[in-house]
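Remarks on the structure that follows.
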Number of protein chains: 2
Amino acid sequence: MKYQKELVREANERKIVAAAELIFAQYGFKGATTERIAKQAGLPKANVHYYFKTKFDLYRRVLALILEEWMSAATVFDEYDDPRTALETYVRSKMMFSRSRPLASKVWANEILHGAQVLGGFLDTTLKTWLQDRVHVVEGWIAQEKIKAVDPHALFYMIWSTTQHYADFERQLVLLHGGQPFSDREYEQKIEQVVELILGSVGLN
Amino acid sequence: MKYQKELVREANERKIVAAAELIFAQYGFKGATTERIAKQAGLPKANVHYYFKTKFDLYRRVLALILEEWMSAATVFDEYDDPRTALETYVRSKMMFSRSRPLASKVWANEILHGAQVLGGFLDTTLKTWLQDRVHVVEGWIAQEKIKAVDPHALFYMIWSTTQHYADFERQLVLLHGGQPFSDREYEQKIEQVVELILGSVGLN
DNA sequence: GTTAATGTTAACCTTTTGGTCAAGGTTCGA
DNA sequence: TCGAACCTTGACCAAAAGGTTAACATTAAC
């Protein structure tokens, strides 16, 4: 059984992290103020600093949690051997991530856009390894003539950028869509269209 | 013949705008300080404020110039009737923009990521119209069975995101590429690969 | 019930930063 | 050469913002 204090700590940290994610997504690291984060979390600013020594610590925590989600979402790529199923599942998963966690995607995009000061280490090690392994898988498909001979790196970049675009450039898409956010039904269609385009790009129709 | 003062003004504004673009790209609007912009431009801060009343005015100027470039780059789409040539030319043009003006692309991405406060009006009007017209062109191609029946909006979003990714996520690509920036020769190959993927996505091989 | 550890918060401090000012310099037409 | 317009810049100011403090409240262990 957990102590009350432990529960209080967990609940407060969760509230603060959720608030911070929203504010960082909206304003960027520098543009986000601890005051605003505190208000969003429904706590006084000093309380935020009690749980997180500095704004930068809080930012790192937010990114670390997003990183975790990112990694666990990436595992779906390995669940199928067949290129069509593997790619389709992966693209769907990434599209769903953009839909359900747009704030996470935006914080991530902002971090990389401004030089990946915090995530650089991850990109350089874990992600690099992950990508190399999957590139080999794709090369295998190409060798077996299961898909067209495309550049695997370029393919992954296209999948990442296209799917993340639906979160990071949400505002643009909404404006081009007449100011209305996509309904669940409309978004399902977007997913289908993206899947179709990606599969088409490697010759799977 | 131009007056000397006119030349001074033009030269200084250019210096300031160029510096501002760099600093906005690196730090975002809020993260950029006028002091830093001034230093980058090689001028005292007060001089920056002499030419641009506020930081926000300067930001708007930077975006306005980028907008101009964006629009004039977009015209290449209309130069050919044939889908293969039109798409290939457009994708190449966008890839070259990412290569030659990565800072512009980053400032743009940052602006939209954080809600398109300034560019909202443009997206909602000029870009929306531009897109609708080109969507009709693509629909024409589909009706004539020149390309696969894909969703034209999704196609444009994919082209935009994929090509801009090479500027906006430059840092990630470089890290995944072993820390080395792409040479001109390597980048040419990247362009080919992206063109191939995009053409493939609409069934042109 | 006493004590130690942890949580809460208003008030405060310090640094950063966008922006102003005033005094002096430069250009240029008359 | 004189004066008006424009350019230059160090010093300054007020507000914003990250972070600290100290006093008080609550919980938990004995």
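Within each chain, counting starts at residue 1; across the structure tokens, chains are named A, B, ... in the order shown, with ligands numbered 1 upward in that order.
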Review point. Leaving out Glu196 of chain B and any residue of its chain fewer than 5 positions from it, which residues lie within 8 Å of it when counting only C-alpha atoms (C1' of nucleotides), given as a VMD selection string?
Key: (chain A and resid 150 201) or (chain B and resid 205)
Point to revise | chain D contacts on chain B, only C-alpha atoms (C1' of nucleotides), 9 Å, as a ChimeraX atom specification | key: /B:5,8-9,44-47,50
Selection above as a file: N, CA and C atoms, as an mmCIF file, in the first residue's frame:
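What landed in result-v4.cif:
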data_model
loop_
_atom_site.group_PDB
_atom_site.id
_atom_site.type_symbol
_atom_site.label_atom_id
_atom_site.label_comp_id
_atom_site.auth_asym_id
_atom_site.auth_seq_id
_atom_site.Cartn_x
_atom_site.Cartn_y
_atom_site.Cartn_z
ATOM 1 N N LYS B 5 22.191 57.743 -47.841
ATOM 2 C CA LYS B 5 21.378 57.360 -46.670
ATOM 3 C C LYS B 5 20.438 56.201 -46.990
ATOM 4 N N VAL B 8 22.468 53.154 -46.934
ATOM 5 C CA VAL B 8 22.773 52.775 -45.550
ATOM 6 C C VAL B 8 21.581 52.071 -44.928
ATOM 7 N N ARG B 9 20.432 52.684 -45.123
ATOM 8 C CA ARG B 9 19.205 52.107 -44.564
ATOM 9 C C ARG B 9 18.977 50.700 -45.108
ATOM 10 N N PRO B 44 24.872 47.902 -32.551
ATOM 11 C CA PRO B 44 24.352 48.027 -31.187
ATOM 12 C C PRO B 44 22.839 47.828 -31.188
ATOM 13 N N LYS B 45 22.356 47.342 -30.068
ATOM 14 C CA LYS B 45 20.941 47.000 -29.956
ATOM 15 C C LYS B 45 20.039 48.188 -30.283
ATOM 16 N N ALA B 46 20.424 49.364 -29.828
ATOM 17 C CA ALA B 46 19.590 50.548 -30.056
ATOM 18 C C ALA B 46 19.401 50.805 -31.551
ATOM 19 N N ASN B 47 20.396 50.436 -32.315
ATOM 20 C CA ASN B 47 20.314 50.628 -33.757
ATOM 21 C C ASN B 47 19.260 49.710 -34.374
ATOM 22 N N TYR B 50 16.125 51.211 -33.829
ATOM 23 C CA TYR B 50 15.915 52.392 -34.675
ATOM 24 C C TYR B 50 15.252 51.980 -35.991
#
Review point. For chain A, which residue out of C:DA11, C:DA23, C:DC28, C:DA4 is the nearest one, using only C-alpha atoms (C1' of nucleotides)?
Key: C:DA11
Using only C-alpha atoms (C1' of nucleotides), tabulate the residues of chain B lying at most 12 Å from any atom of chain C, each with its closest atom pair and that distance in Å to one decimal, by chain and increasing residue number, as a tab-separated table.
residue	atom	partner	partner_atom	distance
B:Tyr3	CA	C:DT27	C1'	9.0
B:Gln4	CA	C:DT27	C1'	7.7
B:Lys5	CA	C:DT27	C1'	7.1
B:Glu6	CA	C:DT27	C1'	10.6
B:Leu7	CA	C:DT27	C1'	11.9
B:Val8	CA	C:DT27	C1'	11.0
B:Lys30	CA	C:DT17	C1'	10.7
B:Gly31	CA	C:DT17	C1'	10.7
B:Ala32	CA	C:DT17	C1'	10.3
B:Thr33	CA	C:DT17	C1'	7.3
B:Thr34	CA	C:DG18	C1'	7.5
B:Glu35	CA	C:DT17	C1'	8.4
B:Arg36	CA	C:DT17	C1'	10.8
B:Lys45	CA	C:DG19	C1'	10.0
B:Ala46	CA	C:DG19	C1'	8.7
B:Asn47	CA	C:DG19	C1'	11.7
B:Val48	CA	C:DG19	C1'	10.8
B:His49	CA	C:DG19	C1'	7.8
B:Tyr50	CA	C:DG19	C1'	10.5
B:Phe52	CA	C:DG19	C1'	11.1
B:Lys53	CA	C:DG19	C1'	8.6
B:Thr54	CA	C:DG19	C1'	7.7
B:Lys55	CA	C:DG18	C1'	7.7
B:Phe56	CA	C:DG18	C1'	10.3
**Study point:** Every residue of segment 149-192 of chain B that DSSP places in alpha helix (DSSP H), as number ranges by chain
**Key:** B: 152-168, 170-176, 184-192
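Within 6 Å of chain B, and using only C-alpha atoms, the residues found on chain A are A:Gln26, A:Lys30, A:Gly31, A:Leu113, A:His114, A:Gly115, A:Asp124, A:Lys128, A:Met158, A:Ser161, A:Thr162, A:Asp168, A:Phe169, A:Arg171, A:Leu175, A:Leu176, A:Leu197, A:Gly200, A:Ser201.
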Point to revise | Å distance separating atom CA of Asp81 of chain A from atom CA of Ser105 of chain A, one decimal place | key: 27.5 Å
